[in-house]
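J.: First the structure, which I've put down as structure tokens, then a few questions once you've had a look.
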Amino acid sequence: MAFTNLMLVFIFNLLYLSLSSGIEIPEEFQKSNHTNNWAVLVDTSRFWFNYRHVANVLSIYRSVKRLGIPDSQIILMISDDMACNPRNPRPATIFNSAHEQINVYGDDVEVDYRGYEVSVENFIRLLTGRVPPDTPRSKQLLTDEGSNILIYLTGHGGDGFLKFQDSEEVTSQELADALEQMWQKKRYNEIFFIIDTCQASSMYEKFYSPNILATASSLVGEDSLSHHVDSAIGVYIIDRYTYYVLEFLENVHPNSQRTMSEFLAVCPKSACLSTVGVRKDLFHRDPSKVPITDFFGSVRPVILTTDPINIVETPKRKKKTENKTKIQVKRDYVPQFPMHLVQVT
Amino acid sequence: MCAMMKGKLIQYACTVVLTIPCFQAAFTFVWPSYAIPALQSDRSPLGYKISEREAGLISSCTMLSPMIVTMFAGTLADVFGRKKISVACGFIILSSWILVLTAKSASQILIARLICGLAFGCNIIVVIMYIGELCQTSTRATATVIITFLFSIGALASYSLGWVCSYETVCYFCITLSVIYIIFMFALVKESPVFLVGKGREKEALHCLAFYRGASVVTEHVLGELSYMRSQHNQNKQNHPIEENVPQYETEKLTEEKTSLPQEETSAWKLLFASTSSRRALISMVSIMVLTVYMGMVSVQVYAAQLFTKMAPNISPDLCSVILALVLVASSCVGTFTMDLFKRREKYYDTEKIPVPWLVAKMSQLHLEVYTHNYTLNYPLGQGQIYKGTNVYGILRAARTPSLEALVVSAPFRPLSSHQKSTAAGIALMLAFAEFARPQKYWAKDIIFLVTEHEQLGMQAWLEAYHGLQSDSETFYTTLGSFWKPGSFGLDLTNFFPGFDWLGSHKKCLNPGQLKARSGAIQAAINLEFHSPKIKYVEVKVEGLNGQLPNLDLVNLVHKLCVKSGIHHSYKNSYSWVRNRNKVDDWVNNIWTMVGMVSTQLAGVPNGNHGLFHRFGIEAVTLEGRDSSDGPAPRVHSLSAANFHRLGLALETVLRSLNNLLEAFHQSYFFYMLPATDRFVSIGQYMPSLCLMCAAMLLRALALWVGVQPTQERSSQAEDPVDSEAKEPGERPPERLSESSNQRVHNRKTIKEKHSDSESEIPGEQDVKEVVQSSDERVANSQTQLNFSMVNVGANYLLVHVLGYAAMNSPVLFTQLGAKYFSLPSEVSVYYGLCVTSAVLVVAAPALPRLLRRGALTHEELTLVNILVLIELSTLCLALGMHNFPLGLAVAALYTPVALLSGVVVRERGWISVWLQRAACAVLQPLGALTAAMCVYSVAVYGGAEGAAAAAGRGRDAAMQAVMFAVADSLIYGNWVFNVAASVLLPVWVVLWQIVCNSVEGPPPARR
């Protein structure tokens, strides 16, 4: 522990030294070494009657994606395919309420772990980064010490465990150890941990790693309840906590000034029927001063430089007219920073 | 919806256009009524007066020519097409009127009217065909009525025009009408799709059909109808008389039946006479036509004006004719409405058979996969009767899943002559639901819609065929979970006596046949028995074969969803709408409900088609619609009647819930009793009552065993060597137990031995103990008395059970004997056969134990037998109770007191107690008890009205029926009540009887 602290001090000093030599940097950047955002969204339960858990996790997915975390940095684990379940009378949709106003399934859901891939082993391997070498990038949590991670879990839980797929469960101790391992491997800067299950708060009670803010839909001994049933679909459609979270997040924009403390108070007992649990002791900042976009939004990669940039002539693309056969244009993402404009030394 | 309206409009428009010639026909038929007077007048358009003979010819020749042409009209239409013939008729009519207009002589008018008649005769045939083909089912009746309506309107128009217009104007009117007709024929009307399908021009047919349905070509509905037409056409091509496919009703024997269907081409004429319905239609049509003509209707119409001139000189004859025409129009209107009011007479009104073609057509119109299923029953107890039946089932395939799981909605078909209430509304509800369910997207399980014939027989056959059970008895009984396998009896008497076929024929009597298509594993089934959609409440029936019950979850689901759909529901005496303020009333009601359930389960006969599903691990219930006339439900008149919509809602929610199931029912109880619709008693609560009764018998057995233990003086010394000695088979000592009567009572019985004995309920183990003991005693005492024979006890016991087994197999033999030598019906011969068997057993059984030995019976032997029978009886009751609690409870309640009371009869004891024992035992002889119970019941119910003797006779008949049903159920459905009664209960009773009937020397003095 002492060694870690020493290391931290050393890193901070180094950072300070390296930065102070440059131009003046805004205060917030100096204080925080938060450089990127990730989200791990997990629905652990399968079967049609657990429609609501998929609606839960997709609600959060929809919000974080809208607020700016790219799909490449969202790990979405969904145990069952509700949208294409034959029992779904509205194929290829998942709604958050019986009014069917928000289709949380959307048009471009990228599920990274699905079906039986959603297992305790895969989940822990994902968090700790101990994935097999041939794992595709979309299935890896490629975080570093500057990453803020949003972890959202939903499913069926009990006192001290969360059930995965009717066959196995992860205990709160295992989860706490996994997070500690992440901390030691410098895989995160801060973690915001949300869990929407029965007796949810039991899952974060064993956490002992720093910089974790945790909230849960219910305390130990309480059930986390569903919001309402849609008789057209025939099942409970969403859980109360996530329903109100989504309602709140729908009004949050990338530039809004909402803070985490507002988020933590999103579902009072009168609405949730269960007490929302919060654990702040591991988190060193004041949640009322942390903008919600620290976890739900995304930090664009920013390169601060004092050097002048030579903008070279942009290479002209040759128009090929001779080839008539239409080859499908291979599309790829434009890099977020126009590096081809910059002369790299 | 819009397309549907458009389609209907188009159909009506085309019908009107097509019936213009009919209008003209009527116009032309009555034309002479006013034209003849004009032609015979001085200002004749021909320039001269026509003679009477010419006038007569002109009037009648229009009727003459159709006679010739109608014979060929159908063929012409089939060869050239409906449209072409119709247009040709239009041209002929046009030309005939031009001829009339330009006529300079009577012969020209004659010719014109002759060819005109040709056109009408041809047209009337083609038009009826044409309209029938282009209209959909819902508009067809109205469209056909338009023909008759326009016909009468034509007469009216003709009379009116003749009244007010001149001869030429009438001709011009007709010519214009013909031209309009021809124009519309070209512009609007398209060829009949049926004709095009028949010609193989399917693409055109599709276009025409789409036009007539007001839809684009690709509509699923249109495609479906087209494929239906195609299948109809193909069927017609094969020329199977459709109704001949329906197997005969069960009363007919195979020997009388045509076993092979006519495969050769049958002509249309033959077909007309082959099937009952078409024969009936032909006769009624011909008689109606003949009557109309001979009533003089035609001549009245034709000569109207002349007739009225003579009859009513004061009134204008033209006015009279118009009035006549108006009356005709009015009557045709009335005809139209009454036709809609009374509907067409049911085609299958008086038939006993299941209307297979109708059901198949209905289901295929709903786009289900439809199949029929034929099965045969070789009735085991008659003189080889063979019954046949047909089930119809349609599968709704779930669109988005493979057919791995299925739900069943079934309804039994009952003919109108059936003594039970019809289930037509149930079938209607099922079909309506199928129509609703078909376009839904959310089915994750296939739904099988099943209509069964012959009640439970059809259901049993279908289920066996669905699960691939063939007609060999081996699979039948193993899948039943039954201990009884007829084939397993090693002794096959057929080898020795050729006459004993009845033992060798192990073929199952019900041949379920093959299913043409299946779906997945059936998860649940709902059986519908509704006689009317306007029911007051729904009774949920659960009891199945051998008292099996569906999972409690399904029962609760149905009750709860009935509440949600606003339907009143009930179970036995518990009604959902009755809420007792008084707690005691509630208790009483609950008890009666439970008693009702017990009595239903007791016989092991399912009280609905659902009961047969349970055997295959399928949860099923029957919903029976009831109204105020059935059942003593209180305040039922004040209930609002349910309607089709509510019932459909309930059915949909039930099936939707079942559809959402992910696993087979397993969460809740399979063994329970229902005191109310929303309460249950679980197996853990009701089993102890039965267990206590059995425990009493076991305790008595233990007590007897302890009592029969011999004293052992040196048991501890001799134990070890003797044990090893006894276990060696070679040195097995003579199995005799010495009775140490001359020795003093020794209380020091080894505790170990007592323990092991009370635990071992298997006779075999006890034998070993006996052996151990006997050898023990043999070593101990050199003086032994020979008063215990294992051989005797065992052989007697075995013999009695073999007799029971024979009794179980005897009914088939009794039927054959009774039929052969006394020509008795099988129920009588079975009943009296069993009576004779029982009587023989009653008389002979007490002597059996003496049969196999030389000496007298001993007290110990009988005590041992008593112990064995107590153990067997308690085991039987427990085993029965596990499967069918009410039956187990009833047997235990009846036999426990007697089994506890009856003991070994000692000679010196008082005769009163002995005879009391014997009487109690005699009363409980299974067959006798059944007959007595039935007689007492009949006397109690009917005794006052009919006199005790008659009522007792009725009771005996009821017992006869009961025995017969039990035997038949056991052979066909696998109900094991008869098997258990004959093969276990009867031997147990016989052994008890032996015990109380044989008196022996008392136990040794030391015991007393």
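In the structure tokens, chains take the letters A, B, ... in the order shown, each chain's residues start at 1, and ligands count up from 1 in the order shown.
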Could you please write out, as a PyMOL selection string, every residue of region 52-264 of chain A that DSSP assigns to strand (DSSP E or B)?
T.: chain A and resi 74-78+95+103+113-114+147-154+157-158+161-164+168-171+190-196+212-216+226-230+235-239+259
J.: Which residues of chain A are close to chain B, meaning at most 9 Å apart when you count only C-alpha atoms, and how do they look as a PDB file with all heavy atoms, in the first residue's frame?
T.:
ATOM      1  N   PHE A  47     -34.295 -15.432 -20.297  1.00  0.00           N
ATOM      2  CA  PHE A  47     -35.708 -15.830 -20.322  1.00  0.00           C
ATOM      3  C   PHE A  47     -36.629 -14.631 -20.487  1.00  0.00           C
ATOM      4  O   PHE A  47     -36.359 -13.554 -20.019  1.00  0.00           O
ATOM      5  CB  PHE A  47     -36.136 -16.638 -19.093  1.00  0.00           C
ATOM      6  CG  PHE A  47     -35.312 -17.873 -18.903  1.00  0.00           C
ATOM      7  CD1 PHE A  47     -34.801 -18.192 -17.671  1.00  0.00           C
ATOM      8  CD2 PHE A  47     -35.033 -18.684 -19.980  1.00  0.00           C
ATOM      9  CE1 PHE A  47     -34.043 -19.318 -17.504  1.00  0.00           C
ATOM     10  CE2 PHE A  47     -34.278 -19.823 -19.814  1.00  0.00           C
ATOM     11  CZ  PHE A  47     -33.780 -20.132 -18.582  1.00  0.00           C
ATOM     12  N   TRP A  48     -37.713 -14.924 -21.142  1.00  0.00           N
ATOM     13  CA  TRP A  48     -38.658 -13.897 -21.596  1.00  0.00           C
ATOM     14  C   TRP A  48     -39.201 -13.062 -20.448  1.00  0.00           C
ATOM     15  O   TRP A  48     -39.381 -11.863 -20.561  1.00  0.00           O
ATOM     16  CB  TRP A  48     -39.782 -14.566 -22.370  1.00  0.00           C
ATOM     17  CG  TRP A  48     -40.907 -13.687 -22.727  1.00  0.00           C
ATOM     18  CD1 TRP A  48     -42.194 -13.809 -22.346  1.00  0.00           C
ATOM     19  CD2 TRP A  48     -40.859 -12.539 -23.581  1.00  0.00           C
ATOM     20  NE1 TRP A  48     -42.951 -12.809 -22.889  1.00  0.00           N
ATOM     21  CE2 TRP A  48     -42.145 -12.014 -23.654  1.00  0.00           C
ATOM     22  CE3 TRP A  48     -39.839 -11.891 -24.270  1.00  0.00           C
ATOM     23  CZ2 TRP A  48     -42.473 -10.889 -24.383  1.00  0.00           C
ATOM     24  CZ3 TRP A  48     -40.158 -10.761 -24.999  1.00  0.00           C
ATOM     25  CH2 TRP A  48     -41.452 -10.266 -25.054  1.00  0.00           C
ATOM     26  N   PHE A  49     -39.469 -13.710 -19.304  1.00  0.00           N
ATOM     27  CA  PHE A  49     -40.078 -12.940 -18.220  1.00  0.00           C
ATOM     28  C   PHE A  49     -39.090 -11.950 -17.621  1.00  0.00           C
ATOM     29  O   PHE A  49     -39.457 -11.149 -16.778  1.00  0.00           O
ATOM     30  CB  PHE A  49     -40.686 -13.858 -17.159  1.00  0.00           C
ATOM     31  CG  PHE A  49     -39.754 -14.919 -16.656  1.00  0.00           C
ATOM     32  CD1 PHE A  49     -38.806 -14.628 -15.721  1.00  0.00           C
ATOM     33  CD2 PHE A  49     -39.844 -16.213 -17.155  1.00  0.00           C
ATOM     34  CE1 PHE A  49     -37.949 -15.605 -15.267  1.00  0.00           C
ATOM     35  CE2 PHE A  49     -38.990 -17.195 -16.706  1.00  0.00           C
ATOM     36  CZ  PHE A  49     -38.038 -16.890 -15.759  1.00  0.00           C
ATOM     37  N   CYS A  84     -35.809 -10.234 -30.367  1.00  0.00           N
ATOM     38  CA  CYS A  84     -36.168 -11.234 -31.376  1.00  0.00           C
ATOM     39  C   CYS A  84     -36.758 -12.480 -30.733  1.00  0.00           C
ATOM     40  O   CYS A  84     -36.860 -13.516 -31.373  1.00  0.00           O
ATOM     41  CB  CYS A  84     -34.968 -11.594 -32.225  1.00  0.00           C
ATOM     42  SG  CYS A  84     -34.425 -10.187 -33.179  1.00  0.00           S
ATOM     43  N   ASN A  85     -37.128 -12.391 -29.498  1.00  0.00           N
ATOM     44  CA  ASN A  85     -37.822 -13.511 -28.884  1.00  0.00           C
ATOM     45  C   ASN A  85     -39.160 -13.700 -29.593  1.00  0.00           C
ATOM     46  O   ASN A  85     -39.867 -12.727 -29.860  1.00  0.00           O
ATOM     47  CB  ASN A  85     -38.057 -13.190 -27.408  1.00  0.00           C
ATOM     48  CG  ASN A  85     -38.508 -14.399 -26.621  1.00  0.00           C
ATOM     49  OD1 ASN A  85     -39.514 -15.007 -26.960  1.00  0.00           O
ATOM     50  ND2 ASN A  85     -37.769 -14.764 -25.617  1.00  0.00           N
ATOM     51  N   PRO A  86     -39.509 -14.926 -29.920  1.00  0.00           N
ATOM     52  CA  PRO A  86     -40.782 -15.107 -30.638  1.00  0.00           C
ATOM     53  C   PRO A  86     -41.983 -14.625 -29.842  1.00  0.00           C
ATOM     54  O   PRO A  86     -43.036 -14.382 -30.404  1.00  0.00           O
ATOM     55  CB  PRO A  86     -40.850 -16.618 -30.865  1.00  0.00           C
ATOM     56  CG  PRO A  86     -39.837 -17.203 -29.981  1.00  0.00           C
ATOM     57  CD  PRO A  86     -38.784 -16.180 -29.766  1.00  0.00           C
ATOM     58  N   ARG A  87     -41.835 -14.505 -28.532  1.00  0.00           N
ATOM     59  CA  ARG A  87     -42.982 -14.060 -27.737  1.00  0.00           C
ATOM     60  C   ARG A  87     -43.189 -12.560 -27.825  1.00  0.00           C
ATOM     61  O   ARG A  87     -44.194 -12.049 -27.347  1.00  0.00           O
ATOM     62  CB  ARG A  87     -42.763 -14.457 -26.281  1.00  0.00           C
ATOM     63  CG  ARG A  87     -42.855 -15.948 -26.063  1.00  0.00           C
ATOM     64  CD  ARG A  87     -42.333 -16.338 -24.706  1.00  0.00           C
ATOM     65  NE  ARG A  87     -42.392 -17.778 -24.516  1.00  0.00           N
ATOM     66  CZ  ARG A  87     -41.463 -18.612 -24.941  1.00  0.00           C
ATOM     67  NH1 ARG A  87     -40.411 -18.143 -25.576  1.00  0.00           N
ATOM     68  NH2 ARG A  87     -41.584 -19.910 -24.743  1.00  0.00           N
ATOM     69  N   ASN A  88     -42.230 -11.867 -28.382  1.00  0.00           N
ATOM     70  CA  ASN A  88     -42.342 -10.410 -28.437  1.00  0.00           C
ATOM     71  C   ASN A  88     -43.313 -10.018 -29.541  1.00  0.00           C
ATOM     72  O   ASN A  88     -43.056 -10.265 -30.715  1.00  0.00           O
ATOM     73  CB  ASN A  88     -40.954  -9.826 -28.720  1.00  0.00           C
ATOM     74  CG  ASN A  88     -40.935  -8.333 -28.529  1.00  0.00           C
ATOM     75  OD1 ASN A  88     -41.989  -7.700 -28.456  1.00  0.00           O
ATOM     76  ND2 ASN A  88     -39.751  -7.774 -28.439  1.00  0.00           N
ATOM     77  N   PRO A  89     -44.435  -9.406 -29.187  1.00  0.00           N
ATOM     78  CA  PRO A  89     -45.395  -9.050 -30.236  1.00  0.00           C
ATOM     79  C   PRO A  89     -44.931  -7.877 -31.089  1.00  0.00           C
ATOM     80  O   PRO A  89     -45.522  -7.620 -32.133  1.00  0.00           O
ATOM     81  CB  PRO A  89     -46.657  -8.688 -29.458  1.00  0.00           C
ATOM     82  CG  PRO A  89     -46.198  -8.340 -28.113  1.00  0.00           C
ATOM     83  CD  PRO A  89     -44.917  -9.059 -27.850  1.00  0.00           C
ATOM     84  N   ARG A  90     -43.919  -7.164 -30.647  1.00  0.00           N
ATOM     85  CA  ARG A  90     -43.366  -6.095 -31.464  1.00  0.00           C
ATOM     86  C   ARG A  90     -41.926  -6.460 -31.772  1.00  0.00           C
ATOM     87  O   ARG A  90     -41.013  -6.035 -31.055  1.00  0.00           O
ATOM     88  CB  ARG A  90     -43.414  -4.764 -30.704  1.00  0.00           C
ATOM     89  CG  ARG A  90     -44.798  -4.347 -30.221  1.00  0.00           C
ATOM     90  CD  ARG A  90     -45.600  -3.681 -31.313  1.00  0.00           C
ATOM     91  NE  ARG A  90     -44.872  -2.617 -31.964  1.00  0.00           N
ATOM     92  CZ  ARG A  90     -44.916  -1.342 -31.583  1.00  0.00           C
ATOM     93  NH1 ARG A  90     -45.647  -0.995 -30.578  1.00  0.00           N
ATOM     94  NH2 ARG A  90     -44.234  -0.434 -32.231  1.00  0.00           N
ATOM     95  N   PRO A  91     -41.703  -7.250 -32.799  1.00  0.00           N
ATOM     96  CA  PRO A  91     -40.347  -7.747 -33.051  1.00  0.00           C
ATOM     97  C   PRO A  91     -39.356  -6.605 -33.247  1.00  0.00           C
ATOM     98  O   PRO A  91     -39.709  -5.553 -33.758  1.00  0.00           O
ATOM     99  CB  PRO A  91     -40.497  -8.565 -34.332  1.00  0.00           C
ATOM    100  CG  PRO A  91     -41.923  -8.906 -34.399  1.00  0.00           C
ATOM    101  CD  PRO A  91     -42.654  -7.781 -33.763  1.00  0.00           C
ATOM    102  N   ILE A 233     -47.469  -6.695 -24.274  1.00  0.00           N
ATOM    103  CA  ILE A 233     -46.270  -7.540 -24.356  1.00  0.00           C
ATOM    104  C   ILE A 233     -46.403  -8.700 -23.383  1.00  0.00           C
ATOM    105  O   ILE A 233     -45.904  -9.789 -23.628  1.00  0.00           O
ATOM    106  CB  ILE A 233     -45.014  -6.680 -24.077  1.00  0.00           C
ATOM    107  CG1 ILE A 233     -44.849  -5.652 -25.197  1.00  0.00           C
ATOM    108  CG2 ILE A 233     -43.773  -7.530 -23.977  1.00  0.00           C
ATOM    109  CD1 ILE A 233     -43.701  -4.727 -25.010  1.00  0.00           C
ATOM    110  N   GLY A 234     -47.099  -8.468 -22.290  1.00  0.00           N
ATOM    111  CA  GLY A 234     -47.421  -9.557 -21.387  1.00  0.00           C
ATOM    112  C   GLY A 234     -46.430  -9.775 -20.268  1.00  0.00           C
ATOM    113  O   GLY A 234     -46.524 -10.774 -19.573  1.00  0.00           O
ATOM    114  N   VAL A 235     -45.473  -8.878 -20.100  1.00  0.00           N
ATOM    115  CA  VAL A 235     -44.490  -9.045 -19.034  1.00  0.00           C
ATOM    116  C   VAL A 235     -44.235  -7.694 -18.382  1.00  0.00           C
ATOM    117  O   VAL A 235     -44.634  -6.654 -18.897  1.00  0.00           O
ATOM    118  CB  VAL A 235     -43.152  -9.600 -19.577  1.00  0.00           C
ATOM    119  CG1 VAL A 235     -43.253 -11.044 -19.904  1.00  0.00           C
ATOM    120  CG2 VAL A 235     -42.681  -8.798 -20.751  1.00  0.00           C
TER     121      VAL A 235
END
J.: Quick one: residues within 7 Å of Glu453 (chain B), only C-alpha atoms counted, chain neighbours fewer than 3 positions away excluded, as a compact mmCIF listing (two decimals) with C-alpha atoms, in the first residue's frame?
T.:
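What follows is the written file result_19.txt:
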# COMPACT_ATOMS: atom_id res chain seq x y z
CA ILE B 354 -68.30 -35.49 -37.74
CA GLY B 389 -63.65 -42.58 -36.18
CA THR B 390 -62.03 -39.49 -37.57
CA ASN B 391 -60.42 -36.55 -35.88
CA PRO B 412 -65.13 -32.97 -28.82
CA PHE B 413 -67.63 -33.25 -31.63
CA GLY B 458 -60.97 -40.03 -30.37
J.: Skip Lys139 (chain A) itself and residues of its chain fewer than 4 positions away, then list as an NGL selection string all residues within 9 Å of it, counting only C-alpha atoms.
T.: :A and (75-76 or 112-113 or 126 or 131 or 135)
J.: Which residues are near Gly625 (chain B)? Cut-off 10 Å, only C-alpha atoms, ignore same chain within fewer than 3 positions. Put them as a ChimeraX atom specification.
T.: /B:423,425-426,528-540,569,622,630,642,647
J.: List the spatial neighbours of Tyr241 (chain A) as a ChimeraX atom specification - criterion: any atom at most 8 Å away, only C-alpha atoms, same-chain residues fewer than 6 positions off excluded.
T.: /A:196,217,224-225,267,272
J.: Suppose we keep all heavy atoms; can you now write the selection as a CSV table (one decimal), in the first residue's frame?
T.:
chain,number,residue,atom,x,y,z
A,196,ASP,N,-28.8,-2.7,-10.1
A,196,ASP,CA,-30.3,-2.7,-10.0
A,196,ASP,C,-30.7,-4.1,-9.9
A,196,ASP,O,-31.0,-4.8,-10.8
A,196,ASP,CB,-30.9,-2.0,-11.2
A,196,ASP,CG,-32.4,-1.9,-11.0
A,196,ASP,OD1,-33.0,-2.4,-10.0
A,196,ASP,OD2,-33.1,-1.3,-11.9
A,217,SER,N,-30.1,0.0,-6.2
A,217,SER,CA,-31.5,0.3,-6.2
A,217,SER,C,-32.2,-0.1,-4.9
A,217,SER,O,-33.3,0.4,-4.7
A,217,SER,CB,-32.1,-0.5,-7.4
A,217,SER,OG,-32.0,-1.9,-7.1
A,224,SER,N,-36.1,-5.1,-5.1
A,224,SER,CA,-36.1,-4.0,-6.1
A,224,SER,C,-37.3,-4.3,-7.0
A,224,SER,O,-37.4,-5.4,-7.6
A,224,SER,CB,-34.8,-4.0,-6.9
A,224,SER,OG,-34.7,-2.9,-7.7
A,225,LEU,N,-38.2,-3.4,-7.2
A,225,LEU,CA,-39.4,-3.8,-7.8
A,225,LEU,C,-39.5,-3.3,-9.3
A,225,LEU,O,-38.8,-2.3,-9.7
A,225,LEU,CB,-40.6,-3.2,-7.0
A,225,LEU,CG,-40.6,-3.7,-5.6
A,225,LEU,CD1,-41.6,-2.9,-4.8
A,225,LEU,CD2,-41.0,-5.2,-5.6
A,267,CYS,N,-34.1,8.6,-7.5
A,267,CYS,CA,-35.3,7.7,-7.3
A,267,CYS,C,-35.6,7.7,-5.8
A,267,CYS,O,-35.0,6.9,-5.0
A,267,CYS,CB,-35.0,6.3,-7.8
A,267,CYS,SG,-36.5,5.3,-7.9
A,272,CYS,N,-39.5,4.6,-5.9
A,272,CYS,CA,-38.8,3.3,-6.1
A,272,CYS,C,-39.5,2.2,-5.3
A,272,CYS,O,-39.3,1.0,-5.6
A,272,CYS,CB,-37.3,3.4,-5.7
A,272,CYS,SG,-36.2,3.5,-7.1
J.: Find the spatial neighbours of Pro632 (chain B), counting only C-alpha atoms, within a cut-off of 12 Å - ignore same-chain residues fewer than 3 positions away - and output them as a PyMOL selection string.
T.: chain B and resi 570+572-575+626-629+635-637
J.: Take the residues from that selection and put them in a file with C-alpha atoms, as a short mmCIF file (atom, residue, chain, number, x, y, z; two decimals), in the first residue's frame.
T.:
data_model
loop_
_atom_site.label_atom_id
_atom_site.label_comp_id
_atom_site.auth_asym_id
_atom_site.auth_seq_id
_atom_site.Cartn_x
_atom_site.Cartn_y
_atom_site.Cartn_z
CA SER B 570 -66.83 -22.60 -10.49
CA LYS B 572 -67.96 -28.37 -8.05
CA ASN B 573 -69.78 -26.67 -5.19
CA SER B 574 -67.54 -23.65 -5.05
CA TYR B 575 -68.85 -20.75 -7.10
CA ARG B 626 -72.94 -23.97 -17.96
CA ASP B 627 -76.12 -22.03 -17.59
CA SER B 628 -78.93 -22.01 -15.12
CA SER B 629 -80.33 -25.34 -16.26
CA ARG B 635 -78.40 -17.23 -7.73
CA VAL B 636 -77.37 -18.24 -11.20
CA HIS B 637 -80.26 -16.41 -12.80
#
J.: Which residue out of A:Asp230, A:Asp177, A:Asp281, A:Asp107 has the minimum interatomic distance to Thr215 (chain A) when only C-alpha atoms are used?
T.: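 Among A:Asp230, A:Asp177, A:Asp281, A:Asp107, it is A:Asp281 that comes nearest to Thr215 (chain A).
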J.: Could you pull out the residues in region 511-676 of chain B that DSSP calls alpha helix (DSSP H) from the backbone, as a PyMOL selection string?
T.: chain B and resi 552-564+583-602+644-660
J.: For a test of reading the model, state the distance in Å between CA of Gly200 (chain B) and CA of Leu226 (chain B), rounded to one decimal.
T.: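 We find that CA of Gly200 (chain B) and CA of Leu226 (chain B) lie 11.9 Å from each other.
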